[in-house]
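Enquirer: Let me give you the structure first, and then I'll get to my questions.
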Amino acid sequence: MANVSFNRKRAKLKRVLGIRARLALLAVILVAPLMLERIRSLEDARTRQIAQAAAEFTTVARHSADAQREVISSVETILKSEAFIRASAGGISKSCDVLRASLPSNLPWIRTLLIAGQDGRIQCATNNMYVGLDLSDRPYFQQAQETGRFVLSDFILSRPVPSPTVMAVYPVSAFSGVADAVVLATVNLDWMSKVMNNLGGRAGITAVLVDSAGTVLAAPADQSSAVGHPLDNMPLMSAIADKALRSNQDEGSLSFLAADGSRRAVSYIRIAGTNARLIASIDEDKVSAAVNRDIRTAYLQLAFVVVFVLLGALIAAEKLVIKPIEMLADMAKRLGEGDLSARAARNRLPAEFVPLARAFNAMAAQLSQRERELIASNDRLTVMASIDMLSGLANRRGFQSRLDFEWMRAQQYGSDLALLMIDVDHFKLFNDTYGHLEGDSCLTRLGESLSGIAADTMGFAARYGGEEFCLLLPNTDVNRAVEIGEQARAAVLKLCLPHITSAHMIVTVSIGVAATKPNETLRPGDLIEAADAALYAAKHRGRNNVVEHGVQAIETSAADIMMAASA
């Protein structure tokens with residue numbers, strides 16, 4: 001039952017995957033590449049657009065990083081000048097006067113200049129509200145004194161006025177060698193953000209300047225709300241925050257899949273001489289939104305074209321292919337059932353099928369002749385399949401077929417049937433001594449001799465296998481069979497084929513003879529077994545002799561069989 005169900009399902013599957021489906025698939029194959037090529041070109045355009053946007057934005061980001069570097073460099077330059085003046089003046093009063101007069105108006109990002117003593121208290125400033133303020137607990141103050149180098153602080157809130165700022169510090173000890181004071185400047189973060197405005201206003205692009213703690217120092221105007229907040233609070237930037245802040249490299253980039261499923265490309269650039277970094281993020285989906293819409297439209301168009309082509313292909317296939325094929329299949333079925341008058345009506349077929357119909361009609365006219373030729377060819381092949389190509393005699397298959405035939409005929413007419421089993425003595429030693437080519441030549445010579453004896457005695461010679469031959473003798477009793485066996489043995493001796501490992505120095509054969517009158521109680525295999533037993537006995541008696549054996553009483557001893565097998 002399960003097998004029937006399986007066959008039904010397989011038949012249904014074949015119908016589904018029939019010529020209609022194949023033609024429809026062919027139509028899709030012809031049309032789809034054109035649409036897919038357009039989609040591929042749009043995909044390439046998207047890739048190029050993203051790459052171009054990334055490259056362009058990276059260039060702009062580097063320019064912005066350079067601008068930020070120039071801002072900080074200008075602050076450092078001013079602080080170095082003030083530190084030099086402080087170291088050269090030798091007194092707080094004079095250096096403070098110079099300090100108040102030296103705040104440059106062309107550097108709006110410097111909000112205030114200050115001088116703090118070794119104890120951290122501000123001695124003078126361009127804004128008097130800072131005088132007396134204690135900065136000794138500030139990390140940037142301590143770092144400047146310890147390192148003797150320019151330091152830019154992280155994001156802080158000013159004490160006198162709680163506004164966000166960044167402190168730049170330079171120790172006077174860098175010039176005087178005495179740790180007696182430091183020069184400081186408050187950096188206007190608004191101006192740092194203005195420098196980054198060329199990075200803003202672009203769909204899918206985010207850019208911020210962060211300090212070493214990850215706090216946003218500056219951002220374009222459209223992202224100004226992020227200033228003063230940790231970078232981790234920005235979902236689009238938090239994925240790279242730790243990597244960017246912990247990296248020892250001046251530049252780096254990272255691509256990742258954001259939580260909302262969008263593809264992101266993030267890069268960061270260190271501001272030279274500081275721990276601040278400019279970090280930029282590109283949302284590839286927003287950057288390529290227009291191309292994405294075109295790609296979706298192309299996919300919809302592809303689906304519509306495929307459906308349209310499928311329907312057209314199915315209708316055309318039914319009329320131009322399926323019906324003509326069904327007509328020709330019906331003609332072929334009639335012809336297969338023996339109706340040689342079956343012909344295809346060419347006037348009812350499309351022009352493309354007319355040559356096929358003409359060929360079909362010609363095939364029907366010649367089928368009978370071809371069938372006769374095929375039968376004759378099969379007969380020839382059957383004969384070839386029964387011939388041993390080395391000896392020229394029948395092979396074992398041919399012998400068995402002839403034995404069955406002669407057995408039935410002898411049983412029908414009550415005549416005798418004899419069999420000689422012939423084995424070449426010490427043939428393995430012959431092959432080992434002279435080689436297989438000489439062995440094959442030896443078997444060929446023996447086959448020629450037995451073929452002649454078979455022709456003279458109305459017998460049938462065959463190569464039974466390896467170095468063993470047989471001679472089937474119809475209408476021959478056991479005495480006559482023994483005589484023919486002696487004749488065969490003598491014929492082999494006359495060939496005088498050298499065999500130095502044999503006691504006779506030439507090739508000899510041992511022959512077992514058996515004969516019987518076939519009847520209902522016996523079978524052809526009994527005759528073969530009797531002849532084999534006689535052959536074993538012949539080998540046991542020294543080889544190069546002929547021994548007979550009755551079919552009804554096979555009594556070969558174990559010693560005879562073992563001795564024969566060793567031959």
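Note on naming: chains are A, B, ... as they come in the structure tokens, residues start from 1 per chain, ligands start from 1 in the order shown.
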Give me every strand (DSSP E) residue in range 350-561 of chain A, going by DSSP on the backbone, as a PyMOL selection string.

Expert: chain A and resi 417-424+460-465+468-474+509-516+546-550

Enquirer: Go ahead and write the residues just picked, N, CA, C and O atoms, as a short mmCIF file (atom, residue, chain, number, x, y, z; two decimals), in the first residue's frame.

Expert:
```cif
data_model
loop_
_atom_site.label_atom_id
_atom_site.label_comp_id
_atom_site.auth_asym_id
_atom_site.auth_seq_id
_atom_site.Cartn_x
_atom_site.Cartn_y
_atom_site.Cartn_z
N LEU A 417 25.45 -39.96 -24.04
CA LEU A 417 26.09 -38.65 -24.05
C LEU A 417 27.35 -38.74 -23.18
O LEU A 417 27.28 -39.13 -22.01
N ALA A 418 28.50 -38.39 -23.77
CA ALA A 418 29.78 -38.51 -23.06
C ALA A 418 30.41 -37.13 -22.91
O ALA A 418 30.17 -36.22 -23.72
N LEU A 419 31.24 -37.02 -21.88
CA LEU A 419 31.91 -35.75 -21.61
C LEU A 419 33.35 -36.01 -21.20
O LEU A 419 33.62 -36.86 -20.35
N LEU A 420 34.29 -35.28 -21.83
CA LEU A 420 35.70 -35.34 -21.46
C LEU A 420 36.08 -34.02 -20.78
O LEU A 420 35.89 -32.93 -21.35
N MET A 421 36.60 -34.11 -19.56
CA MET A 421 37.14 -32.96 -18.86
C MET A 421 38.65 -33.01 -18.98
O MET A 421 39.28 -33.98 -18.54
N ILE A 422 39.27 -32.00 -19.57
CA ILE A 422 40.69 -32.01 -19.92
C ILE A 422 41.39 -30.87 -19.18
O ILE A 422 40.96 -29.71 -19.27
N ASP A 423 42.48 -31.20 -18.48
CA ASP A 423 43.20 -30.19 -17.69
C ASP A 423 44.69 -30.26 -18.03
O ASP A 423 45.27 -31.35 -18.10
N VAL A 424 45.31 -29.10 -18.25
CA VAL A 424 46.73 -29.03 -18.56
C VAL A 424 47.53 -29.31 -17.29
O VAL A 424 47.31 -28.67 -16.26
N PHE A 460 31.68 -31.34 -29.44
CA PHE A 460 31.61 -29.90 -29.16
C PHE A 460 32.68 -29.56 -28.13
O PHE A 460 32.62 -30.03 -26.99
N ALA A 461 33.69 -28.77 -28.53
CA ALA A 461 34.80 -28.43 -27.65
C ALA A 461 34.58 -27.04 -27.05
O ALA A 461 34.05 -26.15 -27.70
N ALA A 462 35.03 -26.91 -25.79
CA ALA A 462 34.87 -25.62 -25.09
C ALA A 462 35.99 -25.44 -24.08
O ALA A 462 36.61 -26.41 -23.63
N ARG A 463 36.28 -24.20 -23.79
CA ARG A 463 37.21 -23.90 -22.69
C ARG A 463 36.35 -23.68 -21.44
O ARG A 463 35.60 -22.72 -21.33
N TYR A 464 36.49 -24.59 -20.46
CA TYR A 464 35.64 -24.58 -19.29
C TYR A 464 36.06 -23.50 -18.30
O TYR A 464 35.24 -22.97 -17.56
N GLY A 465 37.35 -23.15 -18.30
CA GLY A 465 37.84 -22.12 -17.41
C GLY A 465 39.32 -22.32 -17.10
O GLY A 465 39.76 -23.44 -16.86
N GLU A 468 41.48 -25.48 -18.09
CA GLU A 468 40.60 -26.65 -18.18
C GLU A 468 39.70 -26.53 -19.40
O GLU A 468 39.07 -25.50 -19.64
N PHE A 469 39.67 -27.64 -20.19
CA PHE A 469 38.85 -27.73 -21.40
C PHE A 469 37.86 -28.87 -21.23
O PHE A 469 38.00 -29.72 -20.34
N CYS A 470 36.88 -28.91 -22.11
CA CYS A 470 35.95 -30.04 -22.11
C CYS A 470 35.55 -30.36 -23.55
O CYS A 470 35.61 -29.51 -24.44
N LEU A 471 35.16 -31.62 -23.74
CA LEU A 471 34.75 -32.09 -25.07
C LEU A 471 33.46 -32.88 -24.89
O LEU A 471 33.45 -33.94 -24.23
N LEU A 472 32.35 -32.35 -25.40
CA LEU A 472 31.05 -32.99 -25.30
C LEU A 472 30.82 -33.86 -26.53
O LEU A 472 30.95 -33.38 -27.66
N LEU A 473 30.47 -35.16 -26.30
CA LEU A 473 30.37 -36.12 -27.41
C LEU A 473 28.97 -36.74 -27.44
O LEU A 473 28.65 -37.63 -26.65
N PRO A 474 28.09 -36.25 -28.29
CA PRO A 474 26.76 -36.85 -28.42
C PRO A 474 26.86 -38.25 -29.07
O PRO A 474 27.80 -38.53 -29.83
N VAL A 509 48.38 -33.45 -20.77
CA VAL A 509 47.06 -33.20 -20.21
C VAL A 509 46.57 -34.45 -19.50
O VAL A 509 46.95 -35.57 -19.83
N SER A 510 45.74 -34.23 -18.49
CA SER A 510 45.02 -35.30 -17.81
C SER A 510 43.57 -35.20 -18.22
O SER A 510 43.01 -34.09 -18.30
N ILE A 511 42.93 -36.39 -18.48
CA ILE A 511 41.58 -36.38 -19.02
C ILE A 511 40.69 -37.29 -18.18
O ILE A 511 41.04 -38.44 -17.90
N GLY A 512 39.55 -36.72 -17.76
CA GLY A 512 38.53 -37.51 -17.08
C GLY A 512 37.38 -37.75 -18.02
O GLY A 512 36.90 -36.82 -18.68
N VAL A 513 36.88 -39.03 -18.09
CA VAL A 513 35.82 -39.42 -19.04
C VAL A 513 34.62 -39.91 -18.26
O VAL A 513 34.75 -40.69 -17.30
N ALA A 514 33.43 -39.42 -18.67
CA ALA A 514 32.18 -39.92 -18.10
C ALA A 514 31.15 -39.98 -19.21
O ALA A 514 31.15 -39.14 -20.12
N ALA A 515 30.27 -41.02 -19.14
CA ALA A 515 29.21 -41.16 -20.15
C ALA A 515 27.97 -41.73 -19.48
O ALA A 515 28.05 -42.45 -18.48
N THR A 516 26.80 -41.39 -20.03
CA THR A 516 25.54 -41.87 -19.47
C THR A 516 24.44 -41.74 -20.50
O THR A 516 24.63 -41.11 -21.56
N VAL A 546 44.29 -41.03 -19.16
CA VAL A 546 42.86 -40.91 -19.34
C VAL A 546 42.18 -41.88 -18.37
O VAL A 546 42.52 -43.07 -18.33
N VAL A 547 41.23 -41.40 -17.59
CA VAL A 547 40.52 -42.23 -16.61
C VAL A 547 39.02 -42.02 -16.82
O VAL A 547 38.57 -40.90 -17.01
N GLU A 548 38.26 -43.16 -16.77
CA GLU A 548 36.81 -43.07 -16.93
C GLU A 548 36.15 -43.16 -15.56
O GLU A 548 36.73 -43.66 -14.60
N HIS A 549 34.87 -42.69 -15.49
CA HIS A 549 34.12 -42.75 -14.24
C HIS A 549 32.63 -42.83 -14.58
O HIS A 549 32.15 -42.12 -15.45
N GLY A 550 31.91 -43.70 -13.84
CA GLY A 550 30.48 -43.83 -14.06
C GLY A 550 29.72 -42.67 -13.45
O GLY A 550 30.10 -42.14 -12.41
#
```

Enquirer: Pick out the closest residue to Leu133 in chain A from this set: A:Ala116, A:Thr58, A:His499, A:Glu70. Count only C-alpha atoms.

Expert: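 Result for the nearest residue to Leu133 in chain A: A:Ala116.
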
Enquirer: Check the smallest atom-to-atom distance from each of A:Thr112, A:Ala168, A:Pro230, A:Asp425 to Ala538 in chain A using only C-alpha atoms, then report the winner.

Expert: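 Nearest to Ala538 in chain A: A:Asp425.
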
Enquirer: Hey, which of A:Thr274, A:Thr457, A:Thr147, A:Asn431 ends up closest to Ala481 in chain A? Count only C-alpha atoms.

Expert: A:Thr457

Enquirer: What's around Val182 in chain A at 6 Å? Count only C-alpha atoms, leave out sequence neighbours fewer than 3 positions away in its own chain, and write the answer as a VMD selection string.

Expert: chain A and resid 115 to 116 170 to 172

Enquirer: Kindly save the residues from that selection, with N, CA and C atoms included, as a tab-separated table (two decimals), in the first residue's frame.

Expert:
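As written to disk, out-v5.tsv reads:
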```tsv
chain	number	residue	atom	x	y	z
A	115	ILE	N	46.74	82.48	35.61
A	115	ILE	CA	48.03	82.02	36.15
A	115	ILE	C	47.77	81.52	37.55
A	116	ALA	N	48.17	80.27	37.81
A	116	ALA	CA	48.00	79.69	39.13
A	116	ALA	C	49.37	79.44	39.73
A	170	TYR	N	49.68	74.75	30.87
A	170	TYR	CA	51.09	74.64	30.50
A	170	TYR	C	51.92	75.10	31.69
A	171	PRO	N	52.88	74.29	32.17
A	171	PRO	CA	53.66	74.66	33.36
A	171	PRO	C	54.78	75.63	32.99
A	172	VAL	N	54.97	76.64	33.87
A	172	VAL	CA	56.07	77.59	33.68
A	172	VAL	C	57.40	76.87	33.82
```

Enquirer: Mind giving me the straight-line distance from CA of Leu152 in chain A to CA of Phe175 in chain A in Å, one decimal?

Expert: 18.8 Å

Enquirer: Mind giving me the straight-line distance from CA of Asp154 in chain A to CA of Ile205 in chain A in Å, one decimal?

Expert: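 Rounded to one decimal, the two atoms are 24.6 Å apart.
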
Enquirer: Residues of range 63-198 of chain A classed as alpha helix (DSSP H) by DSSP on the backbone are to be reported as an mmCIF file with N, CA, C and O atoms, in the first residue's frame.

Expert:
```
data_model
loop_
_atom_site.group_PDB
_atom_site.id
_atom_site.type_symbol
_atom_site.label_atom_id
_atom_site.label_comp_id
_atom_site.auth_asym_id
_atom_site.auth_seq_id
_atom_site.Cartn_x
_atom_site.Cartn_y
_atom_site.Cartn_z
ATOM 1 N N HIS A 63 39.736 66.789 7.941
ATOM 2 C CA HIS A 63 39.892 68.242 7.910
ATOM 3 C C HIS A 63 39.390 68.867 9.222
ATOM 4 O O HIS A 63 40.013 69.790 9.759
ATOM 5 N N SER A 64 38.264 68.327 9.724
ATOM 6 C CA SER A 64 37.740 68.843 10.988
ATOM 7 C C SER A 64 38.690 68.539 12.128
ATOM 8 O O SER A 64 38.903 69.366 13.029
ATOM 9 N N ALA A 65 39.279 67.328 12.088
ATOM 10 C CA ALA A 65 40.261 66.969 13.113
ATOM 11 C C ALA A 65 41.471 67.902 13.034
ATOM 12 O O ALA A 65 42.013 68.335 14.066
ATOM 13 N N ASP A 66 41.873 68.218 11.804
ATOM 14 C CA ASP A 66 42.985 69.164 11.646
ATOM 15 C C ASP A 66 42.609 70.541 12.187
ATOM 16 O O ASP A 66 43.443 71.231 12.818
ATOM 17 N N ALA A 67 41.345 70.958 11.948
ATOM 18 C CA ALA A 67 40.904 72.256 12.445
ATOM 19 C C ALA A 67 40.886 72.266 13.974
ATOM 20 O O ALA A 67 41.308 73.256 14.608
ATOM 21 N N GLN A 68 40.395 71.169 14.578
ATOM 22 C CA GLN A 68 40.412 71.076 16.033
ATOM 23 C C GLN A 68 41.851 71.104 16.550
ATOM 24 O O GLN A 68 42.155 71.700 17.594
ATOM 25 N N ARG A 69 42.725 70.448 15.808
ATOM 26 C CA ARG A 69 44.135 70.437 16.197
ATOM 27 C C ARG A 69 44.706 71.854 16.140
ATOM 28 O O ARG A 69 45.512 72.254 16.997
ATOM 29 N N GLU A 70 44.288 72.624 15.110
ATOM 30 C CA GLU A 70 44.763 74.002 14.997
ATOM 31 C C GLU A 70 44.252 74.852 16.164
ATOM 32 O O GLU A 70 44.980 75.695 16.705
ATOM 33 N N VAL A 71 42.987 74.622 16.560
ATOM 34 C CA VAL A 71 42.430 75.368 17.695
ATOM 35 C C VAL A 71 43.253 75.092 18.942
ATOM 36 O O VAL A 71 43.686 76.006 19.657
ATOM 37 N N ILE A 72 43.469 73.800 19.204
ATOM 38 C CA ILE A 72 44.212 73.427 20.412
ATOM 39 C C ILE A 72 45.665 73.876 20.313
ATOM 40 O O ILE A 72 46.285 74.317 21.295
ATOM 41 N N SER A 73 46.219 73.804 19.095
ATOM 42 C CA SER A 73 47.605 74.233 18.906
ATOM 43 C C SER A 73 47.751 75.726 19.175
ATOM 44 O O SER A 73 48.750 76.185 19.772
ATOM 45 N N SER A 74 46.726 76.503 18.733
ATOM 46 C CA SER A 74 46.794 77.953 18.982
ATOM 47 C C SER A 74 46.707 78.237 20.480
ATOM 48 O O SER A 74 47.388 79.141 21.001
ATOM 49 N N VAL A 75 45.872 77.466 21.182
ATOM 50 C CA VAL A 75 45.782 77.633 22.637
ATOM 51 C C VAL A 75 47.120 77.299 23.272
ATOM 52 O O VAL A 75 47.619 78.012 24.157
ATOM 53 N N GLU A 76 47.743 76.230 22.829
ATOM 54 C CA GLU A 76 49.036 75.823 23.379
ATOM 55 C C GLU A 76 50.094 76.901 23.131
ATOM 56 O O GLU A 76 50.931 77.189 24.005
ATOM 57 N N THR A 77 50.043 77.481 21.949
ATOM 58 C CA THR A 77 51.011 78.529 21.615
ATOM 59 C C THR A 77 50.865 79.730 22.546
ATOM 60 O O THR A 77 51.863 80.284 23.049
ATOM 61 N N ILE A 78 49.608 80.160 22.790
ATOM 62 C CA ILE A 78 49.352 81.293 23.687
ATOM 63 C C ILE A 78 49.861 80.970 25.097
ATOM 64 O O ILE A 78 50.519 81.793 25.758
ATOM 65 N N LEU A 79 49.577 79.748 25.564
ATOM 66 C CA LEU A 79 50.009 79.366 26.913
ATOM 67 C C LEU A 79 51.528 79.328 27.010
ATOM 68 O O LEU A 79 52.108 79.710 28.047
ATOM 69 N N LYS A 80 52.189 78.841 25.996
ATOM 70 C CA LYS A 80 53.656 78.832 26.011
ATOM 71 C C LYS A 80 54.213 80.256 26.099
ATOM 72 O O LYS A 80 55.200 80.521 26.824
ATOM 73 N N SER A 81 53.569 81.172 25.332
ATOM 74 C CA SER A 81 54.036 82.572 25.369
ATOM 75 C C SER A 81 53.873 83.148 26.769
ATOM 76 O O SER A 81 54.787 83.813 27.312
ATOM 77 N N GLU A 82 52.703 82.913 27.392
ATOM 78 C CA GLU A 82 52.462 83.431 28.733
ATOM 79 C C GLU A 82 53.403 82.795 29.741
ATOM 80 O O GLU A 82 53.890 83.454 30.686
ATOM 81 N N ALA A 83 53.675 81.505 29.568
ATOM 82 C CA ALA A 83 54.589 80.817 30.491
ATOM 83 C C ALA A 83 55.994 81.388 30.372
ATOM 84 O O ALA A 83 56.715 81.557 31.375
ATOM 85 N N PHE A 84 56.390 81.699 29.165
ATOM 86 C CA PHE A 84 57.721 82.280 28.954
ATOM 87 C C PHE A 84 57.808 83.657 29.612
ATOM 88 O O PHE A 84 58.809 83.999 30.264
ATOM 89 N N ILE A 85 56.722 84.444 29.424
ATOM 90 C CA ILE A 85 56.697 85.790 30.035
ATOM 91 C C ILE A 85 56.754 85.670 31.550
ATOM 92 O O ILE A 85 57.478 86.409 32.222
ATOM 93 N N ARG A 86 55.966 84.723 32.086
ATOM 94 C CA ARG A 86 55.951 84.538 33.542
ATOM 95 C C ARG A 86 57.331 84.118 34.052
ATOM 96 O O ARG A 86 57.802 84.610 35.078
ATOM 97 N N ALA A 87 58.004 83.239 33.287
ATOM 98 C CA ALA A 87 59.334 82.786 33.713
ATOM 99 C C ALA A 87 60.358 83.909 33.586
ATOM 100 O O ALA A 87 61.298 84.005 34.391
ATOM 101 N N SER A 88 60.184 84.789 32.588
ATOM 102 C CA SER A 88 61.157 85.849 32.348
ATOM 103 C C SER A 88 60.912 87.052 33.264
ATOM 104 O O SER A 88 61.853 87.732 33.686
ATOM 105 N N ALA A 89 59.635 87.353 33.572
ATOM 106 C CA ALA A 89 59.307 88.554 34.351
ATOM 107 C C ALA A 89 59.803 88.443 35.777
ATOM 108 O O ALA A 89 60.211 89.431 36.407
ATOM 109 N N ILE A 92 54.969 88.265 39.952
ATOM 110 C CA ILE A 92 53.573 88.011 39.644
ATOM 111 C C ILE A 92 52.883 89.246 39.108
ATOM 112 O O ILE A 92 52.044 89.168 38.215
ATOM 113 N N SER A 93 53.264 90.441 39.614
ATOM 114 C CA SER A 93 52.574 91.669 39.216
ATOM 115 C C SER A 93 52.755 91.964 37.736
ATOM 116 O O SER A 93 51.808 92.211 37.011
ATOM 117 N N LYS A 94 54.014 91.930 37.311
ATOM 118 C CA LYS A 94 54.280 92.237 35.904
ATOM 119 C C LYS A 94 53.665 91.215 34.983
ATOM 120 O O LYS A 94 53.076 91.546 33.947
ATOM 121 N N SER A 95 53.780 89.934 35.302
ATOM 122 C CA SER A 95 53.247 88.888 34.439
ATOM 123 C C SER A 95 51.730 88.953 34.368
ATOM 124 O O SER A 95 51.138 88.656 33.336
ATOM 125 N N CYS A 96 51.095 89.395 35.473
ATOM 126 C CA CYS A 96 49.638 89.521 35.438
ATOM 127 C C CYS A 96 49.209 90.676 34.537
ATOM 128 O O CYS A 96 48.201 90.590 33.825
ATOM 129 N N ASP A 97 49.938 91.756 34.582
ATOM 130 C CA ASP A 97 49.620 92.874 33.695
ATOM 131 C C ASP A 97 49.721 92.457 32.232
ATOM 132 O O ASP A 97 48.876 92.800 31.408
ATOM 133 N N VAL A 98 50.811 91.743 31.935
ATOM 134 C CA VAL A 98 50.985 91.265 30.553
ATOM 135 C C VAL A 98 49.872 90.300 30.181
ATOM 136 O O VAL A 98 49.338 90.318 29.082
ATOM 137 N N LEU A 99 49.498 89.454 31.143
ATOM 138 C CA LEU A 99 48.463 88.452 30.880
ATOM 139 C C LEU A 99 47.153 89.115 30.506
ATOM 140 O O LEU A 99 46.501 88.743 29.527
ATOM 141 N N ARG A 100 46.761 90.180 31.272
ATOM 142 C CA ARG A 100 45.480 90.831 31.011
ATOM 143 C C ARG A 100 45.464 91.543 29.660
ATOM 144 O O ARG A 100 44.420 91.676 29.015
ATOM 145 N N ALA A 101 46.625 91.937 29.226
ATOM 146 C CA ALA A 101 46.691 92.670 27.958
ATOM 147 C C ALA A 101 46.907 91.762 26.754
ATOM 148 O O ALA A 101 46.865 92.218 25.615
ATOM 149 N N PRO A 139 42.702 67.183 38.384
ATOM 150 C CA PRO A 139 43.649 66.240 37.766
ATOM 151 C C PRO A 139 44.524 66.881 36.710
ATOM 152 O O PRO A 139 45.706 66.563 36.581
ATOM 153 N N TYR A 140 43.951 67.789 35.924
ATOM 154 C CA TYR A 140 44.732 68.399 34.842
ATOM 155 C C TYR A 140 45.849 69.267 35.423
ATOM 156 O O TYR A 140 46.928 69.359 34.855
ATOM 157 N N PHE A 141 45.601 69.947 36.568
ATOM 158 C CA PHE A 141 46.631 70.767 37.227
ATOM 159 C C PHE A 141 47.766 69.883 37.726
ATOM 160 O O PHE A 141 48.949 70.171 37.527
ATOM 161 N N GLN A 142 47.385 68.787 38.369
ATOM 162 C CA GLN A 142 48.383 67.861 38.906
ATOM 163 C C GLN A 142 49.188 67.213 37.776
ATOM 164 O O GLN A 142 50.414 67.060 37.888
ATOM 165 N N GLN A 143 48.513 66.862 36.701
ATOM 166 C CA GLN A 143 49.203 66.221 35.581
ATOM 167 C C GLN A 143 50.218 67.156 34.943
ATOM 168 O O GLN A 143 51.335 66.749 34.574
ATOM 169 N N ALA A 144 49.857 68.432 34.797
ATOM 170 C CA ALA A 144 50.776 69.404 34.194
ATOM 171 C C ALA A 144 52.020 69.573 35.052
ATOM 172 O O ALA A 144 53.153 69.676 34.542
ATOM 173 N N GLN A 145 51.852 69.619 36.385
ATOM 174 C CA GLN A 145 53.003 69.773 37.271
ATOM 175 C C GLN A 145 53.892 68.522 37.239
ATOM 176 O O GLN A 145 55.115 68.622 37.297
ATOM 177 N N GLU A 146 53.265 67.371 37.153
ATOM 178 C CA GLU A 146 54.027 66.115 37.168
ATOM 179 C C GLU A 146 54.793 65.892 35.865
ATOM 180 O O GLU A 146 55.947 65.474 35.869
ATOM 181 N N THR A 147 54.155 66.179 34.752
ATOM 182 C CA THR A 147 54.768 65.861 33.448
ATOM 183 C C THR A 147 55.600 67.003 32.891
ATOM 184 O O THR A 147 56.495 66.775 32.077
ATOM 185 N N SER A 173 57.412 75.761 34.530
ATOM 186 C CA SER A 173 58.655 75.019 34.755
ATOM 187 C C SER A 173 59.257 74.504 33.449
ATOM 188 O O SER A 173 60.437 74.168 33.386
ATOM 189 N N ALA A 174 58.465 74.483 32.398
ATOM 190 C CA ALA A 174 59.002 74.046 31.112
ATOM 191 C C ALA A 174 60.072 75.010 30.619
ATOM 192 O O ALA A 174 60.952 74.619 29.823
ATOM 193 N N PHE A 175 60.015 76.314 31.095
ATOM 194 C CA PHE A 175 61.018 77.300 30.707
ATOM 195 C C PHE A 175 61.994 77.596 31.844
ATOM 196 O O PHE A 175 63.195 77.723 31.633
ATOM 197 N N SER A 176 61.449 77.735 33.061
ATOM 198 C CA SER A 176 62.291 78.147 34.176
ATOM 199 C C SER A 176 62.961 76.994 34.881
ATOM 200 O O SER A 176 63.978 77.179 35.561
ATOM 201 N N LEU A 189 33.785 75.649 24.313
ATOM 202 C CA LEU A 189 33.318 74.466 23.586
ATOM 203 C C LEU A 189 32.392 74.829 22.438
ATOM 204 O O LEU A 189 32.294 74.071 21.458
ATOM 205 N N ASP A 190 31.704 75.979 22.561
ATOM 206 C CA ASP A 190 30.824 76.380 21.454
ATOM 207 C C ASP A 190 31.616 76.556 20.171
ATOM 208 O O ASP A 190 31.178 76.184 19.079
ATOM 209 N N TRP A 191 32.814 77.157 20.325
ATOM 210 C CA TRP A 191 33.637 77.361 19.127
ATOM 211 C C TRP A 191 34.168 76.044 18.582
ATOM 212 O O TRP A 191 34.309 75.866 17.379
ATOM 213 N N MET A 192 34.457 75.099 19.470
ATOM 214 C CA MET A 192 34.911 73.782 19.004
ATOM 215 C C MET A 192 33.794 73.080 18.226
ATOM 216 O O MET A 192 34.042 72.383 17.245
ATOM 217 N N SER A 193 32.556 73.281 18.666
ATOM 218 C CA SER A 193 31.424 72.694 17.938
ATOM 219 C C SER A 193 31.228 73.373 16.590
ATOM 220 O O SER A 193 30.883 72.720 15.590
ATOM 221 N N LYS A 194 31.450 74.707 16.541
ATOM 222 C CA LYS A 194 31.298 75.408 15.264
ATOM 223 C C LYS A 194 32.292 74.898 14.230
ATOM 224 O O LYS A 194 32.007 74.856 13.033
ATOM 225 N N VAL A 195 33.481 74.523 14.703
ATOM 226 C CA VAL A 195 34.479 73.983 13.775
ATOM 227 C C VAL A 195 33.970 72.700 13.118
ATOM 228 O O VAL A 195 34.333 72.369 11.987
#
```

Enquirer: In terms of the shortest atom-to-atom distance over only C-alpha atoms, which of A:Arg402, A:Val321, A:Leu184, A:Pro108 is closest to Gln123 in chain A?

Expert: A:Leu184
